[in-house]
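Structure first, commentary second.
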Amino acid sequence: MNQQRRCVIIAGAPNADTAFLAQTVQPEDYLICADRGYAAATAAGLRPDLIVGDFDSYGGALPDNCEVVRLCPEKDDTDTMLCLKRGFAMGLEDFLIVGGFGGRLD
């Protein structure tokens, strides 16, 4: 994995600004969606590289052409934190988190 590649994580904020997402996420970014963040990404016309979640806030269909990591709902970290850990494990160093505020834990 190219360490210079930016990792964008779309978290599950309920009122994601899809126009902002479409403008902000670049084709060369490595895009990870955290649970309901996948709904925001698809609404913005984005295709994630990875979807991570316990899917307690998103219950729709998931794509066949994307890696999906299903988490146990009983865990110590949030889905977004586990996305960050996954990106770090891949050697990525530049992160942008969008949709991180306004959820049920705020």
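By order of appearance in the structure tokens: chains A, B, ..., then residues from 1 within every chain, and ligands from 1 in the order shown.
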(request) Give the helix (DSSP H, G or I) residues of stretch 41-81 of chain A, as assigned by DSSP on the backbone, as a PyMOL selection string. (result) chain A and resi 41-43+79-81
Could you write those residues out with all heavy atoms, as a PDB file, in the first residue's frame?
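part_4.pdb written:
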```
ATOM      1  N   ALA A  41     -21.846   7.315   1.462  1.00  0.00           N
ATOM      2  CA  ALA A  41     -20.946   7.200   0.318  1.00  0.00           C
ATOM      3  C   ALA A  41     -21.716   6.909  -0.967  1.00  0.00           C
ATOM      4  O   ALA A  41     -21.494   7.557  -1.995  1.00  0.00           O
ATOM      5  CB  ALA A  41     -19.906   6.104   0.569  1.00  0.00           C
ATOM      6  N   THR A  42     -22.619   5.966  -0.908  1.00  0.00           N
ATOM      7  CA  THR A  42     -23.374   5.626  -2.120  1.00  0.00           C
ATOM      8  C   THR A  42     -24.277   6.784  -2.544  1.00  0.00           C
ATOM      9  O   THR A  42     -24.426   7.044  -3.731  1.00  0.00           O
ATOM     10  CB  THR A  42     -24.193   4.336  -1.943  1.00  0.00           C
ATOM     11  OG1 THR A  42     -25.069   4.477  -0.833  1.00  0.00           O
ATOM     12  CG2 THR A  42     -23.296   3.140  -1.739  1.00  0.00           C
ATOM     13  N   ALA A  43     -24.844   7.505  -1.577  1.00  0.00           N
ATOM     14  CA  ALA A  43     -25.666   8.673  -1.909  1.00  0.00           C
ATOM     15  C   ALA A  43     -24.837   9.759  -2.590  1.00  0.00           C
ATOM     16  O   ALA A  43     -25.355  10.534  -3.395  1.00  0.00           O
ATOM     17  CB  ALA A  43     -26.337   9.218  -0.655  1.00  0.00           C
ATOM     18  N   ASP A  79     -16.889   1.575  15.459  1.00  0.00           N
ATOM     19  CA  ASP A  79     -16.610   1.167  14.079  1.00  0.00           C
ATOM     20  C   ASP A  79     -15.587   2.108  13.441  1.00  0.00           C
ATOM     21  O   ASP A  79     -14.684   1.670  12.731  1.00  0.00           O
ATOM     22  CB  ASP A  79     -17.901   1.170  13.249  1.00  0.00           C
ATOM     23  CG  ASP A  79     -18.906   0.130  13.712  1.00  0.00           C
ATOM     24  OD1 ASP A  79     -18.516  -0.839  14.391  1.00  0.00           O
ATOM     25  OD2 ASP A  79     -20.091   0.284  13.387  1.00  0.00           O
ATOM     26  N   THR A  80     -15.724   3.403  13.719  1.00  0.00           N
ATOM     27  CA  THR A  80     -14.795   4.387  13.145  1.00  0.00           C
ATOM     28  C   THR A  80     -13.371   4.154  13.647  1.00  0.00           C
ATOM     29  O   THR A  80     -12.419   4.208  12.863  1.00  0.00           O
ATOM     30  CB  THR A  80     -15.263   5.816  13.474  1.00  0.00           C
ATOM     31  OG1 THR A  80     -16.594   5.985  12.976  1.00  0.00           O
ATOM     32  CG2 THR A  80     -14.352   6.854  12.847  1.00  0.00           C
ATOM     33  N   MET A  81     -13.207   3.882  14.938  1.00  0.00           N
ATOM     34  CA  MET A  81     -11.874   3.611  15.480  1.00  0.00           C
ATOM     35  C   MET A  81     -11.282   2.363  14.830  1.00  0.00           C
ATOM     36  O   MET A  81     -10.091   2.320  14.516  1.00  0.00           O
ATOM     37  CB  MET A  81     -11.924   3.437  17.001  1.00  0.00           C
ATOM     38  CG  MET A  81     -10.578   3.075  17.606  1.00  0.00           C
ATOM     39  SD  MET A  81      -9.265   4.247  17.238  1.00  0.00           S
ATOM     40  CE  MET A  81      -9.626   5.515  18.414  1.00  0.00           C
TER      41      MET A  81
END
```
(message) So that I can check the surroundings of A:Gln4, please list as a list in words every protein, DNA and RNA residue that reaches within 8 Å of it, counting only C-alpha atoms and ignoring chain neighbours fewer than 3 positions away.
(response) Leu92, Glu93 and Asp94 of chain A
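Nearest residue to A:Leu62 among A:Ala11, A:Val25, A:Val98, A:Leu50 is A:Leu50, counting only C-alpha atoms.
Nearest-residue note for A:Leu31: choosing from A:Pro48, A:Leu84, A:Cys72, A:Gly53, the minimum distance belongs to A:Pro48, counting only C-alpha atoms.
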(message) Residues of chain A classed as strand (DSSP E) by DSSP on the backbone are to be reported as a PyMOL selection string.
(response) chain A and resi 6-10+30-34+50-53+67-70+94-98
Just the selected residues (C-alpha atoms), exported as a short mmCIF file (atom, residue, chain, number, x, y, z; two decimals), in the first residue's frame, please.
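So selection-v1.cif came out as:
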```cif
data_model
loop_
_atom_site.label_atom_id
_atom_site.label_comp_id
_atom_site.auth_asym_id
_atom_site.auth_seq_id
_atom_site.Cartn_x
_atom_site.Cartn_y
_atom_site.Cartn_z
CA ARG A 6 -4.75 9.47 1.84
CA CYS A 7 -7.27 7.38 3.72
CA VAL A 8 -10.75 8.88 3.96
CA ILE A 9 -13.12 7.36 6.51
CA ILE A 10 -16.81 8.13 6.20
CA TYR A 30 -8.43 4.89 -0.10
CA LEU A 31 -12.05 5.07 1.05
CA ILE A 32 -13.27 3.21 4.13
CA CYS A 33 -16.89 3.40 5.23
CA ALA A 34 -17.83 2.81 8.85
CA LEU A 50 -13.50 -1.21 2.36
CA ILE A 51 -16.60 -1.26 4.58
CA VAL A 52 -16.17 -1.96 8.30
CA GLY A 53 -18.96 -2.30 10.82
CA GLU A 67 -14.15 -5.95 0.97
CA VAL A 68 -16.49 -5.99 3.97
CA VAL A 69 -15.31 -6.57 7.54
CA ARG A 70 -18.19 -7.57 9.81
CA ASP A 94 -2.70 10.48 6.20
CA PHE A 95 -6.32 10.29 7.43
CA LEU A 96 -9.44 12.36 6.93
CA ILE A 97 -12.56 11.46 8.89
CA VAL A 98 -15.86 12.87 7.63
#
```
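Here atom CA of A:Pro73 is placed at a distance of 10.8 Å from atom CA of A:Ser57.
For stretch 16-21 of chain A, the non-local neighbours within 7 Å, defined as residues at least 6 positions apart in the same chain or in other chains and counting only C-alpha atoms, are Ala40, Ala43, Ala44 and Gly99 of chain A.
Taking only C-alpha atoms into account, A:Asp54 lies nearest to A:Asp35 out of the set A:Asp35, A:Gln26, A:Gly91, A:Cys83.
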(request) Select, from A:Gly87, A:Pro27, A:Glu74, A:Gly37, the residue with the minimum atom-to-atom distance to A:Ala13, counting only C-alpha atoms. (result) A:Gly37
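If you measure from each of A:Asp76, A:Asp29, A:Gly12, A:Arg5 to A:Asp56 using only C-alpha atoms, the closest one turns out to be A:Gly12.
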(request) Identify which of the residues A:Ala22, A:Leu82, A:Met90, A:Ala39 lies closest to A:Tyr58, counting only C-alpha atoms when measuring atom-to-atom distances. (result) A:Ala39
